[in-house]
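For reference, structure_31.tsv is printed below; it contains TSV, C-alpha atoms.
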chain	number	residue	atom	x	y	z
A	229	MET	CA	-2.24	60.41	-56.98
A	230	PRO	CA	-0.42	57.11	-57.68
A	231	SER	CA	-1.97	54.70	-60.15
A	232	THR	CA	-3.78	51.69	-58.70
A	233	THR	CA	-3.20	49.69	-61.87
A	234	LYS	CA	0.59	49.93	-61.95
A	235	CYS	CA	3.25	48.71	-59.56
A	236	PRO	CA	4.50	51.69	-57.51
A	237	HIS	CA	7.99	50.17	-57.47
A	238	CYS	CA	8.68	49.22	-61.10
A	239	GLY	CA	5.78	50.84	-62.96
A	240	ALA	CA	4.65	47.58	-64.57
A	241	GLN	CA	0.96	47.17	-65.43
A	242	LEU	CA	-0.68	44.98	-62.77
A	243	GLU	CA	-2.63	41.93	-63.87
A	244	VAL	CA	-6.34	41.96	-63.11
A	245	ARG	CA	-7.65	39.33	-60.70
A	246	TYR	CA	-11.14	37.88	-61.19
A	247	VAL	CA	-13.32	35.36	-59.38
A	248	VAL	CA	-16.32	33.52	-60.79
A	249	LEU	CA	-19.49	33.90	-58.72
A	250	ALA	CA	-22.79	32.36	-59.82
A	251	GLY	CA	-21.33	31.87	-63.30
A	252	ARG	CA	-20.27	35.49	-63.64
A	253	ARG	CA	-16.69	36.75	-63.66
A	254	THR	CA	-16.25	39.47	-61.03
A	255	PHE	CA	-13.31	41.84	-60.58
A	256	CYS	CA	-11.64	41.42	-57.19
A	257	GLY	CA	-8.42	43.41	-57.41
A	258	TRP	CA	-4.94	43.21	-58.85
A	259	LYS	CA	-2.38	40.44	-58.66
A	260	PRO	CA	0.72	41.43	-56.65
A	261	CYS	CA	3.78	42.37	-58.66
A	262	GLY	CA	6.79	40.09	-58.47
A	263	CYS	CA	9.43	42.79	-58.75
A	264	PRO	CA	12.06	43.05	-55.96
A	265	GLY	CA	10.59	46.26	-54.55
A	266	ALA	CA	7.06	44.84	-54.29
A	267	VAL	CA	8.33	41.58	-52.79
A	268	ALA	CA	10.38	43.50	-50.20
A	269	GLU	CA	7.33	45.61	-49.28
A	270	ARG	CA	5.18	42.52	-48.76
A	271	ASP	CA	7.92	40.84	-46.71
A	272	GLU	CA	8.24	43.91	-44.48
A	273	ARG	CA	4.46	44.05	-44.01
A	274	SER	CA	4.42	40.36	-43.06
A	275	ARG	CA	7.28	40.92	-40.61
A	276	LEU	CA	5.50	43.81	-38.92
A	277	GLU	CA	2.25	41.83	-38.70
A	278	ALA	CA	4.08	38.85	-37.19
A	279	ARG	CA	5.79	41.10	-34.65
A	280	ALA	CA	2.48	42.71	-33.69
A	281	LYS	CA	0.91	39.27	-33.20
A	282	ALA	CA	3.88	38.12	-31.09
A	283	GLU	CA	3.68	41.26	-28.93
A	284	GLU	CA	-0.06	40.76	-28.51
A	285	ALA	CA	0.46	37.10	-27.50
A	286	ALA	CA	3.21	38.10	-25.03
A	287	ALA	CA	0.96	40.76	-23.49
A	288	LYS	CA	-1.84	38.21	-23.19
A	289	ARG	CA	0.49	35.74	-21.45
A	290	ARG	CA	1.70	38.46	-19.10
A	291	ARG	CA	-1.86	39.34	-18.13
A	292	ALA	CA	-2.53	35.65	-17.48
A	293	TYR	CA	0.59	35.43	-15.28
A	294	GLU	CA	-0.50	38.54	-13.37
A	295	ARG	CA	-3.95	37.06	-12.75
A	296	ALA	CA	-2.26	33.89	-11.47
A	297	GLY	CA	-0.26	35.94	-8.96
A	298	ILE	CA	3.17	35.48	-10.53
A	299	LYS	CA	5.32	38.41	-9.44
A	300	PRO	CA	6.93	40.70	-12.06
A	301	ARG	CA	10.42	39.50	-11.14
A	302	PHE	CA	9.46	35.96	-12.12
A	303	MET	CA	7.42	36.64	-15.28
A	304	THR	CA	10.16	35.06	-17.39
A	305	ALA	CA	11.30	32.44	-14.87
A	306	ALA	CA	12.57	29.22	-16.43
A	307	SER	CA	14.29	26.15	-15.03
A	308	PRO	CA	15.41	22.76	-16.39
A	309	MET	CA	13.44	21.16	-13.54
A	310	ALA	CA	10.21	23.01	-14.20
A	311	GLU	CA	8.89	20.98	-17.12
A	312	GLY	CA	9.08	17.68	-15.24
A	313	ILE	CA	7.42	19.11	-12.15
A	314	ALA	CA	4.67	20.78	-14.20
A	315	ALA	CA	3.95	17.49	-15.98
A	316	LYS	CA	3.49	15.76	-12.63
A	317	VAL	CA	1.28	18.58	-11.34
A	318	GLU	CA	-0.95	18.16	-14.40
A	319	GLN	CA	-1.29	14.51	-13.37
A	320	GLY	CA	-2.30	15.56	-9.84
A	321	ARG	CA	1.05	15.26	-8.08
A	322	GLY	CA	2.27	18.22	-6.00
A	323	ALA	CA	5.79	19.44	-5.26
A	324	TYR	CA	7.57	20.20	-1.98
A	325	ILE	CA	10.48	22.49	-2.92
A	326	CYS	CA	12.84	23.10	-0.04
A	327	GLY	CA	16.31	24.52	0.48
A	328	PRO	CA	18.25	27.33	2.10
A	329	VAL	CA	17.44	30.98	1.51
A	330	GLY	CA	18.41	32.23	-1.94
A	331	THR	CA	18.71	28.88	-3.73
A	332	GLY	CA	15.97	29.62	-6.28
A	333	LYS	CA	12.88	28.00	-4.76
A	334	THR	CA	10.48	30.79	-5.70
A	335	HIS	CA	12.10	31.02	-9.14
A	336	LEU	CA	11.50	27.31	-9.74
A	337	ALA	CA	7.92	27.41	-8.43
A	338	SER	CA	7.19	30.43	-10.65
A	339	ALA	CA	8.65	28.64	-13.67
A	340	VAL	CA	6.33	25.72	-12.94
A	341	ALA	CA	3.39	28.11	-12.56
A	342	ARG	CA	4.17	29.74	-15.93
A	343	LEU	CA	4.14	26.38	-17.71
A	344	LEU	CA	0.86	25.43	-16.05
A	345	VAL	CA	-0.77	28.74	-17.00
A	346	ASP	CA	0.49	28.36	-20.57
A	347	GLY	CA	-1.08	24.89	-20.61
A	348	GLY	CA	-4.47	26.16	-19.48
A	349	THR	CA	-4.39	25.15	-15.80
A	350	SER	CA	-5.92	27.64	-13.36
A	351	VAL	CA	-3.15	28.66	-10.97
A	352	ARG	CA	-2.85	30.86	-7.90
A	353	VAL	CA	0.59	31.84	-6.60
A	354	THR	CA	0.53	33.25	-3.09
A	355	ASP	CA	1.99	32.73	0.37
A	356	MET	CA	0.30	32.09	3.69
A	357	LEU	CA	1.00	35.66	4.76
A	358	GLY	CA	-1.06	36.80	1.77
A	359	VAL	CA	-3.81	34.28	2.51
A	360	LEU	CA	-3.95	35.35	6.16
A	361	ALA	CA	-4.05	39.03	5.18
A	362	ALA	CA	-6.93	38.32	2.78
A	363	ILE	CA	-8.84	36.48	5.50
A	364	LYS	CA	-8.28	39.25	8.03
A	365	GLY	CA	-9.42	41.75	5.40
A	366	THR	CA	-12.89	40.17	5.48
A	367	TYR	CA	-13.34	40.89	9.17
A	368	GLY	CA	-15.70	43.83	9.36
A	369	GLY	CA	-15.44	44.32	5.61
A	370	ASP	CA	-16.44	42.72	2.33
A	371	GLY	CA	-16.26	39.01	1.73
A	372	THR	CA	-15.98	36.08	4.09
A	373	GLU	CA	-13.27	33.80	5.38
A	374	ASP	CA	-14.87	30.87	3.55
A	375	GLY	CA	-14.98	32.94	0.36
A	376	VAL	CA	-11.21	33.47	0.45
A	377	LEU	CA	-10.56	29.77	1.02
A	378	SER	CA	-13.13	28.77	-1.61
A	379	MET	CA	-11.31	30.84	-4.24
A	380	LEU	CA	-8.08	28.99	-3.46
A	381	SER	CA	-9.91	25.67	-3.48
A	382	ARG	CA	-11.13	26.17	-7.04
A	383	MET	CA	-7.64	26.57	-8.45
A	384	GLY	CA	-6.28	23.71	-10.51
A	385	CYS	CA	-2.92	24.27	-8.81
A	386	LEU	CA	-2.12	26.29	-5.69
A	387	VAL	CA	1.45	27.53	-5.20
A	388	LEU	CA	2.24	28.36	-1.56
A	389	ASP	CA	5.51	30.25	-1.38
A	390	ASP	CA	7.72	30.41	1.74
A	391	LEU	CA	5.61	28.13	3.94
A	392	GLY	CA	6.76	28.51	7.53
A	393	LYS	CA	7.54	32.22	7.17
A	394	GLU	CA	4.26	33.13	8.91
A	395	SER	CA	4.18	33.46	12.70
A	396	PRO	CA	2.95	30.07	14.00
A	397	THR	CA	0.07	31.15	16.24
A	398	ASP	CA	-2.80	28.75	16.90
A	399	TRP	CA	-5.05	30.73	14.54
A	400	THR	CA	-2.41	30.82	11.81
A	401	LEU	CA	-1.75	27.10	12.13
A	402	GLY	CA	-5.48	26.41	11.86
A	403	GLN	CA	-5.67	28.38	8.60
A	404	VAL	CA	-2.62	26.61	7.16
A	405	PHE	CA	-4.27	23.29	7.99
A	406	ARG	CA	-7.53	24.35	6.33
A	407	VAL	CA	-5.76	25.30	3.10
A	408	VAL	CA	-3.58	22.18	2.95
A	409	ASN	CA	-6.36	19.83	4.04
A	410	ASP	CA	-8.72	21.21	1.39
A	411	ARG	CA	-6.18	20.41	-1.34
A	412	TYR	CA	-5.65	16.97	0.20
A	413	GLU	CA	-9.31	16.02	0.49
A	414	ASN	CA	-10.20	17.29	-2.98
A	415	MET	CA	-7.09	15.68	-4.53
A	416	ARG	CA	-5.87	18.93	-6.06
A	417	PRO	CA	-2.12	19.52	-6.34
A	418	VAL	CA	-0.19	22.07	-4.34
A	419	VAL	CA	3.33	23.35	-4.95
A	420	VAL	CA	5.03	24.43	-1.74
A	421	THR	CA	8.31	26.26	-1.28
A	422	THR	CA	9.94	26.44	2.12
A	423	GLN	CA	13.36	26.83	3.65
A	424	TYR	CA	12.53	23.96	6.01
A	425	GLY	CA	12.86	20.24	5.52
A	426	LYS	CA	9.81	18.27	6.64
A	427	GLY	CA	11.02	17.63	10.20
A	428	ASP	CA	12.14	21.23	10.61
A	429	LEU	CA	8.82	22.48	9.22
A	430	ILE	CA	6.94	20.48	11.85
A	431	ARG	CA	9.10	22.04	14.56
A	432	ARG	CA	8.63	25.50	13.06
A	433	LEU	CA	4.85	25.20	12.80
A	434	ALA	CA	4.63	23.64	16.29
A	435	LYS	CA	6.74	26.38	17.85
A	436	ASN	CA	3.85	27.47	20.08
A	437	GLY	CA	2.90	23.95	21.14
A	438	ASP	CA	0.34	22.55	18.65
A	439	GLU	CA	2.49	19.71	17.35
A	440	GLU	CA	-0.50	17.55	16.38
A	441	THR	CA	-1.76	20.05	13.80
A	442	ALA	CA	1.77	20.69	12.54
A	443	VAL	CA	2.32	16.98	12.00
A	444	ALA	CA	-1.06	16.70	10.23
A	445	ILE	CA	-0.08	19.49	7.81
A	446	VAL	CA	3.32	18.04	6.93
A	447	SER	CA	1.90	14.50	6.74
A	448	ARG	CA	-0.60	15.60	4.10
A	449	LEU	CA	2.06	17.46	2.14
A	450	SER	CA	4.28	14.38	2.26
A	451	GLU	CA	1.54	12.24	0.75
A	452	MET	CA	0.55	14.78	-1.91
A	453	CYS	CA	3.97	16.02	-3.00
A	454	ASP	CA	7.28	14.85	-4.37
A	455	LYS	CA	10.24	16.46	-2.63
A	456	TYR	CA	12.74	18.63	-4.51
A	457	GLU	CA	15.67	19.83	-2.42
A	458	LEU	CA	17.74	22.73	-3.74
A	459	GLN	CA	21.30	23.26	-2.55
A	460	GLY	CA	23.91	25.97	-2.77
A	461	LYS	CA	24.78	29.41	-1.49
A	462	ASP	CA	22.43	32.37	-1.33
A	463	ARG	CA	22.50	33.58	-4.93
A	464	ARG	CA	21.27	37.03	-4.02
A	465	LEU	CA	24.03	37.68	-1.49
A	466	SER	CA	26.66	36.36	-3.90
A	467	ASN	CA	25.18	38.51	-6.74
A	468	GLY	CA	24.53	35.41	-8.85
A	469	LYS	CA	21.71	35.17	-11.34
A	470	ARG	CA	18.56	33.42	-10.18
Would you give me this structure, written as structure tokens?
Amino acid sequence: MPSTTKCPHCGAQLEVRYVVLAGRRTFCGWKPCGCPGAVAERDERSRLEARAKAEEAAAKRRRAYERAGIKPRFMTAASPMAEGIAAKVEQGRGAYICGPVGTGKTHLASAVARLLVDGGTSVRVTDMLGVLAAIKGTYGGDGTEDGVLSMLSRMGCLVLDDLGKESPTDWTLGQVFRVVNDRYENMRPVVVTTQYGKGDLIRRLAKNGDEETAVAIVSRLSEMCDKYELQGKDRRLSNGKR
């Protein structure tokens, strides 16, 4: 059994360490040896502890991103534009991110969402198809339509991806209006991605005739959000990195 009073690397006698408690000197261990082997061992232990803490912090962030609805593909999303947009969102200003398919809209919105989550803002990343599916899931089952919308309402920031992708029925349009109008009336920011400019989004949402509601939706988004238009070719089809 190795000695506890000698350095296991160089064999030197270790110096006793004492503390004074209530006027009495009390043994509290041995001072670390300063030989190269002992120093290297302590450095390696510190490195392993630091790595474990970093891995734990990364896992914690990942769980937070998952709870926010950020998809696995975008867990590490980053963009030079994201920091500026996130700062505005924290001040209550939303973002309307538009552009052709494959130009990185979801990537940018996810990068913004990551920064907000890291900063302590409650975030929900979803799309209207997901919201509509959640609402329909309450019919004849658990939960209520208002409960689904209330959960979204409580979020510090709501990210609505691919707005306009949903089929524009009267019922769908009514639900889109409820979600957007709730953010508007409660002055809570929303980040929207869409392949449509504002005029084209009105036409898309009003495809089945309810232009008044479509205009009301886009009007509210225009007042709440700054517009960010992305350009370029479809990066997925051209095998570019997002």
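The space separating CA of Asp271 in chain A from CA of Gly257 in chain A comes to 19.7 Å.
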Using all atoms listed in the file, which residues sit within 12 Å of Glu311 in chain A once same-chain residues fewer than 5 positions away are excluded, as a ChimeraX atom specification? /A:305-306,316-318,336-344,346-347
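In this model, the gap between CA of Ser378 in chain A and CA of Gly332 in chain A comes to 29.5 Å.
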Identify, on the basis of only C-alpha atoms, every residue whose closest approach to Ala323 in chain A does not exceed 12 Å; exclude the query and any residue fewer than 2 positions from it along the same chain; express the result as a PyMOL selection string. chain A and resi 309-310+312-321+325-326+333+336-337+340-341+385-389+416-422+448-457
Could you please determine the separation between CA of Trp258 in chain A and CA of Glu277 in chain A in Å, to one decimal place? 21.4 Å
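Distance check against Pro236 in chain A using only C-alpha atoms: of A:Glu269, A:Asp428, A:Asp374, A:Glu439, the minimum falls on A:Glu269.
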At a cut-off of 9 Å, using all atoms listed in the file, what residues contact Val443 in chain A? Leave out same-chain residues fewer than 5 positions from it and give the result as a PyMOL selection string. chain A and resi 427+429-431+433-434+438+448
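Proximity ranking of A:Cys238, A:Val329, A:Ala285, A:Ala266 relative to Arg463 in chain A places A:Val329 first, based on all atoms listed in the file.
The nearest approach to Thr354 in chain A among the residues A:Gly297, A:Pro328, A:Gly437, A:Pro260, with all atoms listed in the file taken into account, belongs to A:Gly297.
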Excluding Arg432 in chain A and its own-chain neighbours fewer than 6 positions away, which residues fall within 10 Å of it when counting only C-alpha atoms? Please give them as a PyMOL selection string. chain A and resi 391-396+424+426+439+442
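Closest to Val359 in chain A among A:His237, A:Lys461, A:Arg406, A:Arg382 is A:Arg406, based on only C-alpha atoms.
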Would you mind putting back N, CA and C atoms on range 404-423 of chain A, then writing it out as a CSV table (one decimal), keeping the file's coordinate frame?
chain,number,residue,atom,x,y,z
A,404,VAL,N,-3.5,27.4,8.0
A,404,VAL,CA,-2.6,26.6,7.2
A,404,VAL,C,-3.2,25.2,7.0
A,405,PHE,N,-3.7,24.6,8.1
A,405,PHE,CA,-4.3,23.3,8.0
A,405,PHE,C,-5.5,23.3,7.1
A,406,ARG,N,-6.3,24.3,7.2
A,406,ARG,CA,-7.5,24.4,6.3
A,406,ARG,C,-7.2,24.4,4.8
A,407,VAL,N,-6.2,25.2,4.5
A,407,VAL,CA,-5.8,25.3,3.1
A,407,VAL,C,-5.2,24.0,2.6
A,408,VAL,N,-4.2,23.4,3.4
A,408,VAL,CA,-3.6,22.2,3.0
A,408,VAL,C,-4.6,21.0,2.9
A,409,ASN,N,-5.4,20.9,4.0
A,409,ASN,CA,-6.4,19.8,4.0
A,409,ASN,C,-7.4,19.9,2.9
A,410,ASP,N,-7.8,21.1,2.5
A,410,ASP,CA,-8.7,21.2,1.4
A,410,ASP,C,-8.1,20.6,0.1
A,411,ARG,N,-6.8,21.0,-0.2
A,411,ARG,CA,-6.2,20.4,-1.3
A,411,ARG,C,-6.1,18.9,-1.2
A,412,TYR,N,-5.8,18.4,0.0
A,412,TYR,CA,-5.6,17.0,0.2
A,412,TYR,C,-7.0,16.2,0.0
A,413,GLU,N,-8.0,16.7,0.6
A,413,GLU,CA,-9.3,16.0,0.5
A,413,GLU,C,-9.9,16.1,-0.9
A,414,ASN,N,-9.7,17.2,-1.6
A,414,ASN,CA,-10.2,17.3,-3.0
A,414,ASN,C,-9.2,16.8,-4.1
A,415,MET,N,-8.1,16.3,-3.6
A,415,MET,CA,-7.1,15.7,-4.5
A,415,MET,C,-6.7,16.7,-5.6
A,416,ARG,N,-6.4,17.9,-5.2
A,416,ARG,CA,-5.9,18.9,-6.1
A,416,ARG,C,-4.4,19.2,-5.7
A,417,PRO,N,-3.5,19.4,-6.7
A,417,PRO,CA,-2.1,19.5,-6.3
A,417,PRO,C,-1.8,20.9,-5.7
A,418,VAL,N,-0.7,20.9,-4.9
A,418,VAL,CA,-0.2,22.1,-4.3
A,418,VAL,C,1.3,22.0,-4.5
A,419,VAL,N,1.9,23.2,-4.9
A,419,VAL,CA,3.3,23.4,-5.0
A,419,VAL,C,3.7,24.2,-3.8
A,420,VAL,N,4.6,23.7,-2.9
A,420,VAL,CA,5.0,24.4,-1.7
A,420,VAL,C,6.5,24.7,-1.8
A,421,THR,N,6.9,26.0,-1.5
A,421,THR,CA,8.3,26.3,-1.3
A,421,THR,C,8.5,26.6,0.2
A,422,THR,N,9.6,26.2,0.7
A,422,THR,CA,9.9,26.4,2.1
A,422,THR,C,11.4,26.3,2.4
A,423,GLN,N,12.0,27.0,3.3
A,423,GLN,CA,13.4,26.8,3.6
A,423,GLN,C,13.6,25.7,4.6
